[in-house]
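The next block is final-v2.csv, given as CSV, C-alpha atoms (C1' of nucleotides).
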```
chain,number,residue,atom,x,y,z
A,1,MET,CA,-22.2,-5.0,0.9
A,2,PRO,CA,-23.6,-7.5,-1.6
A,3,ALA,CA,-24.7,-10.9,-0.4
A,4,LEU,CA,-22.0,-13.5,-0.3
A,5,LYS,CA,-22.2,-16.6,-2.5
A,6,THR,CA,-20.0,-19.6,-1.7
A,7,SER,CA,-17.0,-20.3,-4.0
A,8,LYS,CA,-14.3,-22.9,-4.0
A,9,GLN,CA,-11.7,-20.2,-4.1
A,10,ARG,CA,-13.0,-18.3,-1.1
A,11,GLN,CA,-13.3,-21.5,0.9
A,12,ALA,CA,-9.7,-22.5,0.0
A,13,ILE,CA,-8.3,-19.0,0.8
A,14,LEU,CA,-10.1,-18.9,4.2
A,15,HIS,CA,-9.0,-22.5,5.0
A,16,GLU,CA,-5.4,-21.8,4.1
A,17,LEU,CA,-5.4,-18.7,6.2
A,18,CYS,CA,-7.0,-20.3,9.3
A,19,SER,CA,-4.8,-23.4,9.2
A,20,ARG,CA,-1.5,-21.6,9.5
A,21,CYS,CA,0.0,-19.7,12.4
A,22,ASP,CA,2.1,-17.1,10.6
A,23,HIS,CA,0.6,-14.0,9.1
A,24,PRO,CA,0.8,-14.5,5.4
A,25,THR,CA,0.5,-11.8,2.7
A,26,ALA,CA,-2.0,-12.2,-0.2
A,27,GLU,CA,0.8,-13.3,-2.4
A,28,GLN,CA,2.0,-16.0,0.1
A,29,ILE,CA,-1.5,-17.4,0.3
A,30,TYR,CA,-1.7,-17.3,-3.5
A,31,PHE,CA,1.5,-19.4,-3.9
A,32,SER,CA,0.5,-21.8,-1.2
A,33,LEU,CA,-2.8,-22.6,-3.1
A,34,LYS,CA,-1.3,-22.6,-6.6
A,35,ASP,CA,-0.5,-26.4,-6.5
A,36,GLN,CA,-4.0,-27.5,-5.6
A,37,HIS,CA,-5.8,-24.7,-7.5
A,38,PRO,CA,-3.7,-24.0,-10.6
A,39,SER,CA,-6.2,-21.7,-12.2
A,40,LEU,CA,-6.4,-19.4,-9.1
A,41,SER,CA,-5.8,-15.8,-9.8
A,42,LEU,CA,-3.9,-13.4,-7.5
A,43,ALA,CA,-6.6,-10.9,-8.0
A,44,THR,CA,-9.1,-13.4,-6.6
A,45,VAL,CA,-7.0,-13.7,-3.4
A,46,TYR,CA,-6.9,-10.0,-2.9
A,47,ARG,CA,-10.7,-9.7,-3.6
A,48,ASN,CA,-11.6,-12.4,-1.2
A,49,LEU,CA,-9.3,-11.2,1.6
A,50,LYS,CA,-10.9,-7.8,1.3
A,51,GLN,CA,-14.4,-9.3,1.5
A,52,LEU,CA,-13.5,-11.5,4.5
A,53,GLU,CA,-12.1,-8.5,6.2
A,54,GLU,CA,-15.1,-6.4,5.6
A,55,ASN,CA,-17.2,-9.1,7.1
A,56,GLY,CA,-15.0,-9.3,10.2
A,57,ILE,CA,-14.0,-12.9,9.4
A,58,VAL,CA,-10.3,-12.1,9.1
A,59,VAL,CA,-8.1,-9.3,10.3
A,60,ARG,CA,-5.9,-7.2,8.0
A,61,ILE,CA,-2.6,-6.2,9.5
A,62,PRO,CA,-1.5,-3.1,7.6
A,63,CYS,CA,2.2,-3.3,7.0
A,64,PRO,CA,4.7,-1.1,5.1
A,65,GLU,CA,5.8,-3.8,2.6
A,66,ALA,CA,2.6,-5.8,2.1
A,67,ASP,CA,-0.5,-6.2,4.3
A,68,ARG,CA,-0.7,-9.4,6.2
A,69,PHE,CA,-3.7,-11.3,7.4
A,70,ASP,CA,-4.8,-13.1,10.5
A,71,GLY,CA,-7.4,-15.8,10.4
A,72,LYS,CA,-7.7,-16.0,14.2
A,73,PRO,CA,-9.0,-12.6,15.1
A,74,LYS,CA,-8.7,-13.4,18.8
A,75,GLU,CA,-4.9,-13.1,18.9
A,76,HIS,CA,-3.8,-9.5,18.7
A,77,TYR,CA,-0.3,-9.2,20.1
A,78,HIS,CA,1.9,-8.4,17.2
A,79,MET,CA,5.0,-6.3,16.7
A,80,THR,CA,6.3,-5.2,13.3
A,81,CYS,CA,10.0,-4.6,12.7
A,82,LEU,CA,10.5,-1.2,11.1
A,83,LYS,CA,13.5,-2.5,9.3
A,84,CYS,CA,12.7,-6.0,7.9
A,85,GLY,CA,8.9,-5.6,8.1
A,86,GLY,CA,8.5,-9.0,9.8
A,87,ILE,CA,5.5,-9.6,12.1
A,88,ILE,CA,6.3,-11.3,15.4
A,89,ASP,CA,3.9,-12.8,17.9
A,90,LEU,CA,4.6,-11.4,21.4
A,91,GLU,CA,4.0,-12.7,24.9
A,92,ILE,CA,2.8,-9.9,27.0
A,93,GLU,CA,3.4,-9.0,30.6
A,94,ASN,CA,0.3,-7.6,32.3
A,95,ALA,CA,-1.8,-9.0,29.5
A,96,GLY,CA,-5.0,-6.9,29.3
A,97,GLN,CA,-3.3,-3.6,30.0
A,98,ILE,CA,-2.9,-1.2,27.2
A,99,ASP,CA,0.6,-0.3,28.4
A,100,ALA,CA,1.5,-3.9,28.8
A,101,PHE,CA,5.0,-4.5,27.8
A,102,PRO,CA,6.4,-7.5,25.9
A,103,LYS,CA,8.6,-9.7,27.9
A,104,ALA,CA,11.5,-11.8,26.9
A,105,PHE,CA,12.0,-9.8,23.8
A,106,GLY,CA,15.5,-9.1,22.6
A,107,GLY,CA,14.6,-6.3,20.2
A,108,LYS,CA,13.7,-2.7,20.8
A,109,ILE,CA,10.2,-1.3,21.0
A,110,THR,CA,9.9,2.3,19.9
A,111,GLY,CA,6.1,2.7,19.9
A,112,HIS,CA,2.8,1.0,19.9
A,113,THR,CA,-0.7,1.6,18.6
A,114,LEU,CA,-4.1,0.2,19.4
A,115,MET,CA,-6.0,0.2,16.2
A,116,TYR,CA,-9.7,-0.6,15.8
A,117,PHE,CA,-11.1,-1.6,12.5
A,118,GLY,CA,-14.7,-1.2,11.3
A,119,TYR,CA,-17.0,1.3,9.8
A,120,CYS,CA,-17.5,4.9,10.8
A,121,GLU,CA,-21.0,6.2,11.4
A,122,LYS,CA,-21.3,7.8,7.9
A,123,CYS,CA,-20.1,4.8,5.9
A,124,LEU,CA,-22.3,2.5,8.1
A,125,LYS,CA,-25.4,4.5,7.3
A,126,GLU,CA,-24.6,4.6,3.6
A,127,SER,CA,-24.2,0.8,3.4
A,128,GLU,CA,-27.4,0.3,5.3
A,129,LYS,CA,-29.2,2.6,2.8
A,130,THR,CA,-27.7,0.5,-0.1
A,131,GLU,CA,-28.8,-2.8,1.5
A,132,ASN,CA,-32.5,-1.7,1.7
A,133,ARG,CA,-32.8,-0.9,-2.0
B,134,MET,CA,21.3,4.8,11.4
B,135,PRO,CA,23.5,7.7,10.3
B,136,ALA,CA,23.8,10.8,12.6
B,137,LEU,CA,21.1,13.3,12.0
B,138,LYS,CA,21.9,16.9,10.9
B,139,THR,CA,19.4,19.6,11.3
B,140,SER,CA,17.6,20.9,8.3
B,141,LYS,CA,15.0,23.6,7.8
B,142,GLN,CA,12.8,21.0,6.0
B,143,ARG,CA,12.8,18.4,8.8
B,144,GLN,CA,12.1,21.1,11.4
B,145,ALA,CA,9.2,22.4,9.3
B,146,ILE,CA,7.8,18.9,8.8
B,147,LEU,CA,8.0,18.0,12.5
B,148,HIS,CA,6.5,21.3,13.6
B,149,GLU,CA,3.6,21.0,11.1
B,150,LEU,CA,2.9,17.4,12.3
B,151,CYS,CA,3.0,18.3,16.0
B,152,SER,CA,0.9,21.4,15.7
B,153,ARG,CA,-2.1,19.7,14.2
B,154,CYS,CA,-4.5,17.2,15.7
B,155,ASP,CA,-5.6,15.2,12.7
B,156,HIS,CA,-3.4,12.4,11.4
B,157,PRO,CA,-2.1,13.7,8.1
B,158,THR,CA,-0.5,11.7,5.3
B,159,ALA,CA,2.8,12.6,3.8
B,160,GLU,CA,1.1,14.3,0.9
B,161,GLN,CA,-1.1,16.4,3.2
B,162,ILE,CA,1.9,17.6,5.1
B,163,TYR,CA,3.6,18.4,1.8
B,164,PHE,CA,0.8,20.6,0.6
B,165,SER,CA,0.4,22.3,3.9
B,166,LEU,CA,4.1,23.4,3.8
B,167,LYS,CA,4.2,24.2,0.1
B,168,ASP,CA,3.2,27.9,0.6
B,169,GLN,CA,6.0,28.7,3.1
B,170,HIS,CA,8.5,26.3,1.5
B,171,PRO,CA,7.9,26.5,-2.2
B,172,SER,CA,11.0,24.4,-3.1
B,173,LEU,CA,10.1,21.5,-0.8
B,174,SER,CA,10.0,18.2,-2.5
B,175,LEU,CA,7.5,15.4,-1.7
B,176,ALA,CA,10.4,12.9,-1.5
B,177,THR,CA,11.9,15.0,1.3
B,178,VAL,CA,8.7,14.7,3.3
B,179,TYR,CA,8.6,10.9,2.9
B,180,ARG,CA,12.3,10.7,3.8
B,181,ASN,CA,12.0,12.7,6.9
B,182,LEU,CA,8.9,11.1,8.2
B,183,LYS,CA,10.7,7.7,7.8
B,184,GLN,CA,13.6,9.0,9.8
B,185,LEU,CA,11.5,10.5,12.5
B,186,GLU,CA,9.7,7.3,12.8
B,187,GLU,CA,12.9,5.2,13.0
B,188,ASN,CA,14.0,7.5,15.8
B,189,GLY,CA,10.7,7.1,17.7
B,190,ILE,CA,9.8,10.8,17.4
B,191,VAL,CA,6.7,10.3,15.4
B,192,VAL,CA,4.4,7.2,14.9
B,193,ARG,CA,3.4,5.8,11.6
B,194,ILE,CA,-0.2,4.6,11.4
B,195,PRO,CA,-0.2,2.1,8.5
B,196,CYS,CA,-3.3,2.6,6.5
B,197,PRO,CA,-4.7,0.9,3.4
B,198,GLU,CA,-4.8,4.0,1.3
B,199,ALA,CA,-1.8,6.0,2.5
B,200,ASP,CA,0.0,5.8,5.8
B,201,ARG,CA,-0.8,8.5,8.3
B,202,PHE,CA,1.4,10.0,11.0
B,203,ASP,CA,1.0,11.1,14.6
B,204,GLY,CA,3.3,13.6,16.2
B,205,LYS,CA,1.9,13.0,19.7
B,206,PRO,CA,3.0,9.4,20.3
B,207,LYS,CA,1.2,9.3,23.6
B,208,GLU,CA,-2.3,9.2,22.1
B,209,HIS,CA,-3.0,5.8,20.7
B,210,TYR,CA,-6.7,5.3,20.5
B,211,HIS,CA,-7.5,5.3,16.8
B,212,MET,CA,-10.0,3.5,14.6
B,213,THR,CA,-9.8,3.3,10.8
B,214,CYS,CA,-12.8,3.0,8.6
B,215,LEU,CA,-12.6,0.0,6.3
B,216,LYS,CA,-14.6,1.9,3.7
B,217,CYS,CA,-13.4,5.5,3.6
B,218,GLY,CA,-10.1,5.0,5.2
B,219,GLY,CA,-10.5,7.8,7.7
B,220,ILE,CA,-8.8,7.8,11.1
B,221,ILE,CA,-10.9,8.7,14.0
B,222,ASP,CA,-9.9,9.5,17.6
B,223,LEU,CA,-11.9,7.4,20.0
B,224,GLU,CA,-12.8,7.8,23.7
B,225,ILE,CA,-12.3,4.6,25.5
B,226,GLU,CA,-14.3,2.9,28.2
B,227,ASN,CA,-12.1,1.1,30.7
B,228,ALA,CA,-9.1,2.9,29.3
B,229,GLY,CA,-6.0,0.8,29.9
B,230,GLN,CA,-7.7,-2.5,29.2
B,231,ILE,CA,-6.8,-4.3,26.0
B,232,ASP,CA,-10.5,-5.2,25.5
B,233,ALA,CA,-11.6,-1.7,26.3
B,234,PHE,CA,-14.5,-0.7,24.1
B,235,PRO,CA,-15.1,2.6,22.4
B,236,LYS,CA,-18.1,4.4,23.9
B,237,ALA,CA,-20.4,6.9,22.2
B,238,PHE,CA,-19.5,5.6,18.8
B,239,GLY,CA,-22.1,5.4,16.2
B,240,GLY,CA,-20.2,3.2,13.8
B,241,LYS,CA,-19.4,-0.5,13.9
B,242,ILE,CA,-16.3,-2.1,15.2
B,243,THR,CA,-15.3,-5.4,13.5
B,244,GLY,CA,-11.9,-6.0,15.0
B,245,HIS,CA,-8.9,-4.5,16.7
B,246,THR,CA,-5.1,-4.9,16.9
B,247,LEU,CA,-2.5,-3.9,19.3
B,248,MET,CA,0.6,-3.3,17.2
B,249,TYR,CA,4.1,-2.6,18.5
B,250,PHE,CA,6.7,-0.9,16.4
B,251,GLY,CA,10.4,-1.2,16.8
B,252,TYR,CA,13.3,-3.4,15.8
B,253,CYS,CA,13.5,-7.2,16.0
B,254,GLU,CA,16.5,-8.7,17.7
B,255,LYS,CA,18.2,-9.5,14.4
B,256,CYS,CA,17.8,-6.1,12.9
B,257,LEU,CA,18.8,-4.4,16.1
B,258,LYS,CA,22.1,-6.3,16.3
B,259,GLU,CA,22.8,-5.6,12.6
B,260,SER,CA,22.3,-1.8,13.1
B,261,GLU,CA,24.5,-1.9,16.2
B,262,LYS,CA,27.2,-3.6,14.2
B,263,THR,CA,26.9,-0.9,11.6
B,264,GLU,CA,27.1,2.0,14.1
B,265,ASN,CA,30.4,0.8,15.5
B,266,ARG,CA,32.2,0.9,12.2
C,267,DA,C1',-34.7,-28.9,-13.8
C,268,DT,C1',-34.7,-24.2,-16.1
C,269,DT,C1',-34.2,-19.6,-15.8
C,270,DG,C1',-32.7,-15.0,-14.5
C,271,DA,C1',-30.3,-12.0,-11.6
C,272,DT,C1',-26.3,-11.2,-9.5
C,273,DA,C1',-21.9,-12.5,-7.5
C,274,DG,C1',-17.4,-14.5,-8.6
C,275,DT,C1',-13.4,-15.6,-11.5
C,276,DG,C1',-9.0,-15.1,-14.3
C,277,DA,C1',-6.3,-12.2,-16.9
C,278,DT,C1',-4.3,-8.1,-17.4
C,279,DA,C1',-4.0,-3.2,-17.5
C,280,DA,C1',-4.0,0.8,-14.6
C,281,DT,C1',-3.3,3.2,-10.3
C,282,DC,C1',-0.7,5.4,-7.0
C,283,DA,C1',1.9,5.5,-2.6
C,284,DT,C1',6.5,5.0,-1.6
C,285,DT,C1',11.4,4.4,-2.7
C,286,DA,C1',15.7,4.7,-5.4
C,287,DT,C1',18.8,7.4,-7.9
C,288,DC,C1',21.8,11.1,-8.7
C,289,DA,C1',23.8,15.6,-9.2
C,290,DT,C1',24.0,19.4,-6.2
C,291,DT,C1',23.8,21.8,-1.7
C,292,DT,C1',24.3,22.1,3.3
C,293,DA,C1',25.7,21.1,8.2
C,294,DG,C1',29.0,20.8,11.4
C,295,DA,C1',33.5,18.9,13.2
C,296,DA,C1',38.4,19.3,12.6
D,297,DT,C1',38.2,27.3,5.7
D,298,DT,C1',38.0,22.6,4.4
D,299,DC,C1',36.4,18.1,4.3
D,300,DT,C1',33.1,14.4,4.8
D,301,DA,C1',28.7,12.7,5.4
D,302,DA,C1',24.1,13.9,5.3
D,303,DA,C1',20.2,16.4,3.1
D,304,DT,C1',17.8,18.1,-0.8
D,305,DG,C1',14.9,18.4,-5.2
D,306,DA,C1',13.7,16.3,-9.3
D,307,DT,C1',12.3,12.5,-11.4
D,308,DA,C1',12.3,7.6,-12.7
D,309,DA,C1',11.4,3.1,-10.9
D,310,DT,C1',9.1,-0.1,-8.0
D,311,DG,C1',5.5,-2.9,-6.5
D,312,DA,C1',1.3,-3.8,-3.9
D,313,DT,C1',-3.4,-3.3,-4.7
D,314,DT,C1',-7.4,-2.2,-7.6
D,315,DA,C1',-10.2,-1.7,-11.8
D,316,DT,C1',-11.9,-3.6,-15.8
D,317,DC,C1',-14.1,-6.9,-18.6
D,318,DA,C1',-15.7,-11.0,-20.8
D,319,DC,C1',-17.1,-15.2,-19.1
D,320,DT,C1',-18.7,-18.6,-15.4
D,321,DA,C1',-20.9,-20.2,-11.1
D,322,DT,C1',-24.4,-19.8,-7.5
D,323,DC,C1',-28.9,-19.9,-5.9
D,324,DA,C1',-33.7,-18.4,-5.2
D,325,DA,C1',-37.9,-18.4,-7.8
D,326,DT,C1',-40.5,-20.6,-11.0
```
Could I get this file's structure written as C-alpha cells?
Amino acid sequence: MPALKTSKQRQAILHELCSRCDHPTAEQIYFSLKDQHPSLSLATVYRNLKQLEENGIVVRIPCPEADRFDGKPKEHYHMTCLKCGGIIDLEIENAGQIDAFPKAFGGKITGHTLMYFGYCEKCLKESEKTENR
Amino acid sequence: MPALKTSKQRQAILHELCSRCDHPTAEQIYFSLKDQHPSLSLATVYRNLKQLEENGIVVRIPCPEADRFDGKPKEHYHMTCLKCGGIIDLEIENAGQIDAFPKAFGGKITGHTLMYFGYCEKCLKESEKTENR
DNA sequence: ATTGATAGTGATAATCATTATCATTTAGAA
DNA sequence: TTCTAAATGATAATGATTATCACTATCAAT
C-alpha cells in the first residue's frame, strides 16, 4: 500500500460517511458532496472508499445492487433484503451470540453470515515485501 | 415467488454446489457442469442460484469480484481477502461469540460484519399479496 | 522557498458480473 | 392428452466498478 497523502476530497468523503447513520453507496456520497465540491469526480469517491477500506477506516458492506459503506466500524448488525436490497439496522436478542436472533423484526430471516475482512497470509506477505523496497 | 418445477439443470447445480467444499462462483459452477451438461447456459446457473437463495436453500456470499455460494448454510465462518478476493474458511476461538476471533490465522483482520439475509417487512407483505392472487 | 518524487484528481473509456428479453421447450395438474 | 405456467438457451442490455491518462497537489529533503 502506498503512503497516504491528505486531500480535501478524501477528508470530505470520510467526514460525510461518518456524519450520517445510513449506509450510503459511493454514488450517494458523491451526490451529497456535489454541492460543496462541484468538481468532485465519482471515480475519486470510489478510489477513496477503497483506500479507506484497505486501511480499516471504513467497512464495505458488499451488496447485490451496489456496495454500501459504514463509517462506524463498531456497529455490525445489519440485514439486507434480498428483494429491495435495503440495509436495515437490527436490534439483537442475546447480543454477542453468533446465533443471536433479531427481535421485533416484522420481516423474514432466511440466513446469516459472519464475514471477516482483511488480508490473507499470502497477500499480506506480498504487500510487506512491496513496502520494504 | 412462483411455484418451483423440477429441472435437470437446477438439480445438477444444487448437487454440484453441495458436493464441494469451496465457495464457487456462478461461473465456476457453470464450467464444472459443462462436460456433463453441454447445453447448459450460464444464464440458467445465475437464475437458479438466485432462486435457491430466495428459498433459503443456498447462501449467497456477496463479494467484490463475483458473488460466491455456499450449499451448506450451517457453516458461516468466512473471511474475504480485500486484495485477492479469496474466501477462506476460518476456525474460530470462542465460537458463538460475535467478537470471536479467528485463531491460527497468518493474515490480518481489519473488520467483520454479521449480515442477515431475508426479506424486510415491506417486501414480505408484497410477496404475500402476490401469492394470494 | 524550491525541487523532485510520488500520490491524488477529473474525465471518460473499458470491464465484466449479472439481468432482461424472447422464442422455444418442459413439467405437472386437470 | 391438453393447457398453463415455469424453465431453458442464446444473446443483448445494464450498470457498478475499475483502468487509463494527462494534469495537479502534497510533502520530505534540500
Do you have, as a Markdown table, the list of residues of chain A lying at most 7 Å from chain C, each with its nearest atom pair and that distance in Å to one decimal, counting all atoms listed in the file and ordered by chain then number?
```
| residue | atom | partner | partner_atom | distance |
| --- | --- | --- | --- | --- |
| A:Lys5 | CA | C:DA273 | C1' | 6.5 |
| A:Ser41 | CA | C:DG276 | C1' | 5.6 |
| A:Thr44 | CA | C:DT275 | C1' | 6.9 |
```
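Applying a distance limit of 12 Å to all atoms listed in the file, the residues of chain D near chain B read DA301, DA302, DA303, DT304, DG305, DA306, DT307, DA312, DT313 and DT314 of chain D.
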Quiz item: What is the distance, in Å and to one decimal place, between CA of Tyr46 (chain A) and CA of Asp203 (chain B)?
Solution: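 One can read the CA of Tyr46 (chain A) to CA of Asp203 (chain B) distance as 28.5 Å.
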Quiz item: Distance CA of Pro157 (chain B)-CA of Leu185 (chain B), one decimal place?
Solution: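 Here the two named atoms are 14.6 Å from each other.
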Quiz item: If you measure from CA of Pro171 (chain B) to CA of Gly204 (chain B), what distance in Å do you get, rounded to one decimal?
Solution: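 Between CA of Pro171 (chain B) and CA of Gly204 (chain B) the gap is 22.9 Å.
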Given the block above, output region 305-324 of chain D with N, CA and C atoms (P, O5', C5', C4', C3', O3' and C1' of nucleotides) as an mmCIF file, in the first residue's frame.
```cif
data_model
loop_
_atom_site.group_PDB
_atom_site.id
_atom_site.type_symbol
_atom_site.label_atom_id
_atom_site.label_comp_id
_atom_site.auth_asym_id
_atom_site.auth_seq_id
_atom_site.Cartn_x
_atom_site.Cartn_y
_atom_site.Cartn_z
ATOM 1 P P DG D 305 -30.208 -24.929 -20.640
ATOM 2 O "O5'" DG D 305 -30.093 -24.081 -21.965
ATOM 3 C "C5'" DG D 305 -30.643 -24.587 -23.167
ATOM 4 C "C4'" DG D 305 -30.374 -23.619 -24.298
ATOM 5 C "C3'" DG D 305 -28.966 -23.028 -24.336
ATOM 6 O "O3'" DG D 305 -28.596 -22.909 -25.711
ATOM 7 C "C1'" DG D 305 -30.547 -21.284 -24.093
ATOM 8 P P DA D 306 -27.161 -22.546 -26.170
ATOM 9 O "O5'" DA D 306 -27.389 -21.094 -26.785
ATOM 10 C "C5'" DA D 306 -28.418 -20.900 -27.753
ATOM 11 C "C4'" DA D 306 -28.571 -19.413 -28.019
ATOM 12 C "C3'" DA D 306 -27.249 -18.643 -28.030
ATOM 13 O "O3'" DA D 306 -27.142 -17.927 -29.250
ATOM 14 C "C1'" DA D 306 -28.835 -17.593 -26.595
ATOM 15 P P DT D 307 -25.829 -17.078 -29.552
ATOM 16 O "O5'" DT D 307 -26.274 -15.615 -29.145
ATOM 17 C "C5'" DT D 307 -27.610 -15.196 -29.472
ATOM 18 C "C4'" DT D 307 -27.894 -13.876 -28.784
ATOM 19 C "C3'" DT D 307 -26.683 -12.931 -28.682
ATOM 20 O "O3'" DT D 307 -27.124 -11.633 -28.992
ATOM 21 C "C1'" DT D 307 -27.701 -13.136 -26.611
ATOM 22 P P DA D 308 -26.123 -10.510 -29.492
ATOM 23 O "O5'" DA D 308 -26.957 -9.210 -29.095
ATOM 24 C "C5'" DA D 308 -28.377 -9.240 -29.204
ATOM 25 C "C4'" DA D 308 -28.986 -8.356 -28.126
ATOM 26 C "C3'" DA D 308 -28.264 -7.023 -27.951
ATOM 27 O "O3'" DA D 308 -29.244 -6.005 -27.802
ATOM 28 C "C1'" DA D 308 -28.276 -8.200 -25.899
ATOM 29 P P DA D 309 -28.827 -4.486 -27.482
ATOM 30 O "O5'" DA D 309 -28.999 -4.381 -25.916
ATOM 31 C "C5'" DA D 309 -30.252 -4.728 -25.337
ATOM 32 C "C4'" DA D 309 -30.214 -4.437 -23.851
ATOM 33 C "C3'" DA D 309 -29.619 -3.068 -23.485
ATOM 34 O "O3'" DA D 309 -30.509 -2.440 -22.587
ATOM 35 C "C1'" DA D 309 -28.501 -4.806 -22.304
ATOM 36 P P DT D 310 -30.133 -0.983 -21.989
ATOM 37 O "O5'" DT D 310 -29.635 -1.341 -20.532
ATOM 38 C "C5'" DT D 310 -30.360 -2.291 -19.758
ATOM 39 C "C4'" DT D 310 -29.651 -2.478 -18.430
ATOM 40 C "C3'" DT D 310 -29.078 -1.179 -17.849
ATOM 41 O "O3'" DT D 310 -29.584 -1.041 -16.550
ATOM 42 C "C1'" DT D 310 -27.444 -2.901 -17.856
ATOM 43 P P DG D 311 -29.602 0.383 -15.831
ATOM 44 O "O5'" DG D 311 -28.485 0.182 -14.730
ATOM 45 C "C5'" DG D 311 -28.228 -1.108 -14.187
ATOM 46 C "C4'" DG D 311 -26.872 -1.100 -13.522
ATOM 47 C "C3'" DG D 311 -26.353 0.297 -13.173
ATOM 48 O "O3'" DG D 311 -25.605 0.184 -11.981
ATOM 49 C "C1'" DG D 311 -24.822 -0.756 -14.562
ATOM 50 P P DA D 312 -25.626 1.383 -10.918
ATOM 51 O "O5'" DA D 312 -24.520 0.856 -9.908
ATOM 52 C "C5'" DA D 312 -24.627 -0.466 -9.409
ATOM 53 C "C4'" DA D 312 -23.259 -1.101 -9.338
ATOM 54 C "C3'" DA D 312 -22.226 -0.273 -8.589
ATOM 55 O "O3'" DA D 312 -21.474 -1.154 -7.772
ATOM 56 C "C1'" DA D 312 -21.441 -0.750 -10.779
ATOM 57 P P DT D 313 -20.443 -0.566 -6.675
ATOM 58 O "O5'" DT D 313 -19.067 -0.657 -7.471
ATOM 59 C "C5'" DT D 313 -18.585 -1.942 -7.847
ATOM 60 C "C4'" DT D 313 -17.426 -1.802 -8.801
ATOM 61 C "C3'" DT D 313 -16.244 -0.990 -8.266
ATOM 62 O "O3'" DT D 313 -15.161 -1.901 -8.069
ATOM 63 C "C1'" DT D 313 -16.692 -0.533 -10.554
ATOM 64 P P DT D 314 -13.723 -1.426 -7.647
ATOM 65 O "O5'" DT D 314 -13.041 -1.240 -9.079
ATOM 66 C "C5'" DT D 314 -13.115 -2.300 -10.006
ATOM 67 C "C4'" DT D 314 -12.237 -2.000 -11.207
ATOM 68 C "C3'" DT D 314 -10.876 -1.396 -10.883
ATOM 69 O "O3'" DT D 314 -9.918 -2.105 -11.662
ATOM 70 C "C1'" DT D 314 -12.022 -0.024 -12.433
ATOM 71 P P DA D 315 -8.401 -1.721 -11.628
ATOM 72 O "O5'" DA D 315 -8.205 -1.033 -13.046
ATOM 73 C "C5'" DA D 315 -8.732 -1.655 -14.201
ATOM 74 C "C4'" DA D 315 -8.252 -0.938 -15.447
ATOM 75 C "C3'" DA D 315 -6.820 -0.411 -15.396
ATOM 76 O "O3'" DA D 315 -6.261 -0.557 -16.693
ATOM 77 C "C1'" DA D 315 -8.330 1.421 -15.612
ATOM 78 P P DT D 316 -4.731 -0.087 -16.982
ATOM 79 O "O5'" DT D 316 -4.929 1.349 -17.639
ATOM 80 C "C5'" DT D 316 -5.924 1.502 -18.649
ATOM 81 C "C4'" DT D 316 -5.923 2.926 -19.163
ATOM 82 C "C3'" DT D 316 -4.563 3.640 -19.126
ATOM 83 O "O3'" DT D 316 -4.382 4.287 -20.367
ATOM 84 C "C1'" DT D 316 -6.192 4.946 -18.037
ATOM 85 P P DC D 317 -2.846 4.704 -20.847
ATOM 86 O "O5'" DC D 317 -2.955 6.296 -20.915
ATOM 87 C "C5'" DC D 317 -4.206 6.908 -21.216
ATOM 88 C "C4'" DC D 317 -4.149 8.378 -20.838
ATOM 89 C "C3'" DC D 317 -2.735 8.900 -20.572
ATOM 90 O "O3'" DC D 317 -2.661 10.247 -21.009
ATOM 91 C "C1'" DC D 317 -4.056 9.264 -18.692
ATOM 92 P P DA D 318 -1.242 10.798 -21.633
ATOM 93 O "O5'" DA D 318 -1.490 12.376 -21.578
ATOM 94 C "C5'" DA D 318 -2.791 12.891 -21.871
ATOM 95 C "C4'" DA D 318 -3.129 13.983 -20.874
ATOM 96 C "C3'" DA D 318 -1.972 14.930 -20.554
ATOM 97 O "O3'" DA D 318 -2.444 16.267 -20.547
ATOM 98 C "C1'" DA D 318 -2.790 13.994 -18.563
ATOM 99 P P DC D 319 -1.395 17.502 -20.184
ATOM 100 O "O5'" DC D 319 -1.806 17.883 -18.697
ATOM 101 C "C5'" DC D 319 -3.185 18.162 -18.423
ATOM 102 C "C4'" DC D 319 -3.376 18.264 -16.921
ATOM 103 C "C3'" DC D 319 -2.433 19.245 -16.208
ATOM 104 O "O3'" DC D 319 -3.212 20.154 -15.458
ATOM 105 C "C1'" DC D 319 -2.521 17.168 -15.080
ATOM 106 P P DT D 320 -2.465 21.396 -14.665
ATOM 107 O "O5'" DT D 320 -2.670 20.972 -13.140
ATOM 108 C "C5'" DT D 320 -3.962 20.550 -12.712
ATOM 109 C "C4'" DT D 320 -3.880 20.107 -11.260
ATOM 110 C "C3'" DT D 320 -3.117 21.062 -10.336
ATOM 111 O "O3'" DT D 320 -3.922 21.251 -9.186
ATOM 112 C "C1'" DT D 320 -2.264 18.873 -10.124
ATOM 113 P P DA D 321 -3.448 22.241 -8.010
ATOM 114 O "O5'" DA D 321 -3.101 21.213 -6.851
ATOM 115 C "C5'" DA D 321 -4.077 20.258 -6.457
ATOM 116 C "C4'" DA D 321 -3.515 19.415 -5.324
ATOM 117 C "C3'" DA D 321 -2.850 20.209 -4.201
ATOM 118 O "O3'" DA D 321 -3.282 19.617 -2.983
ATOM 119 C "C1'" DA D 321 -1.285 18.684 -5.141
ATOM 120 P P DT D 322 -2.735 20.223 -1.565
ATOM 121 O "O5'" DT D 322 -1.661 19.114 -1.151
ATOM 122 C "C5'" DT D 322 -2.097 17.777 -0.953
ATOM 123 C "C4'" DT D 322 -0.903 16.915 -0.562
ATOM 124 C "C3'" DT D 322 -0.103 17.434 0.641
ATOM 125 O "O3'" DT D 322 0.067 16.351 1.532
ATOM 126 C "C1'" DT D 322 1.337 17.005 -1.186
ATOM 127 P P DC D 323 0.478 16.595 3.065
ATOM 128 O "O5'" DC D 323 2.049 16.319 3.069
ATOM 129 C "C5'" DC D 323 2.532 15.099 2.507
ATOM 130 C "C4'" DC D 323 4.044 15.156 2.408
ATOM 131 C "C3'" DC D 323 4.716 16.005 3.502
ATOM 132 O "O3'" DC D 323 5.938 15.394 3.833
ATOM 133 C "C1'" DC D 323 5.389 16.762 1.427
ATOM 134 P P DA D 324 6.360 15.171 5.412
ATOM 135 O "O5'" DA D 324 7.775 14.455 5.268
ATOM 136 C "C5'" DA D 324 7.914 13.381 4.345
ATOM 137 C "C4'" DA D 324 9.220 13.504 3.588
ATOM 138 C "C3'" DA D 324 10.408 13.929 4.452
ATOM 139 O "O3'" DA D 324 11.553 13.180 4.054
ATOM 140 C "C1'" DA D 324 10.126 15.481 2.678
#
```
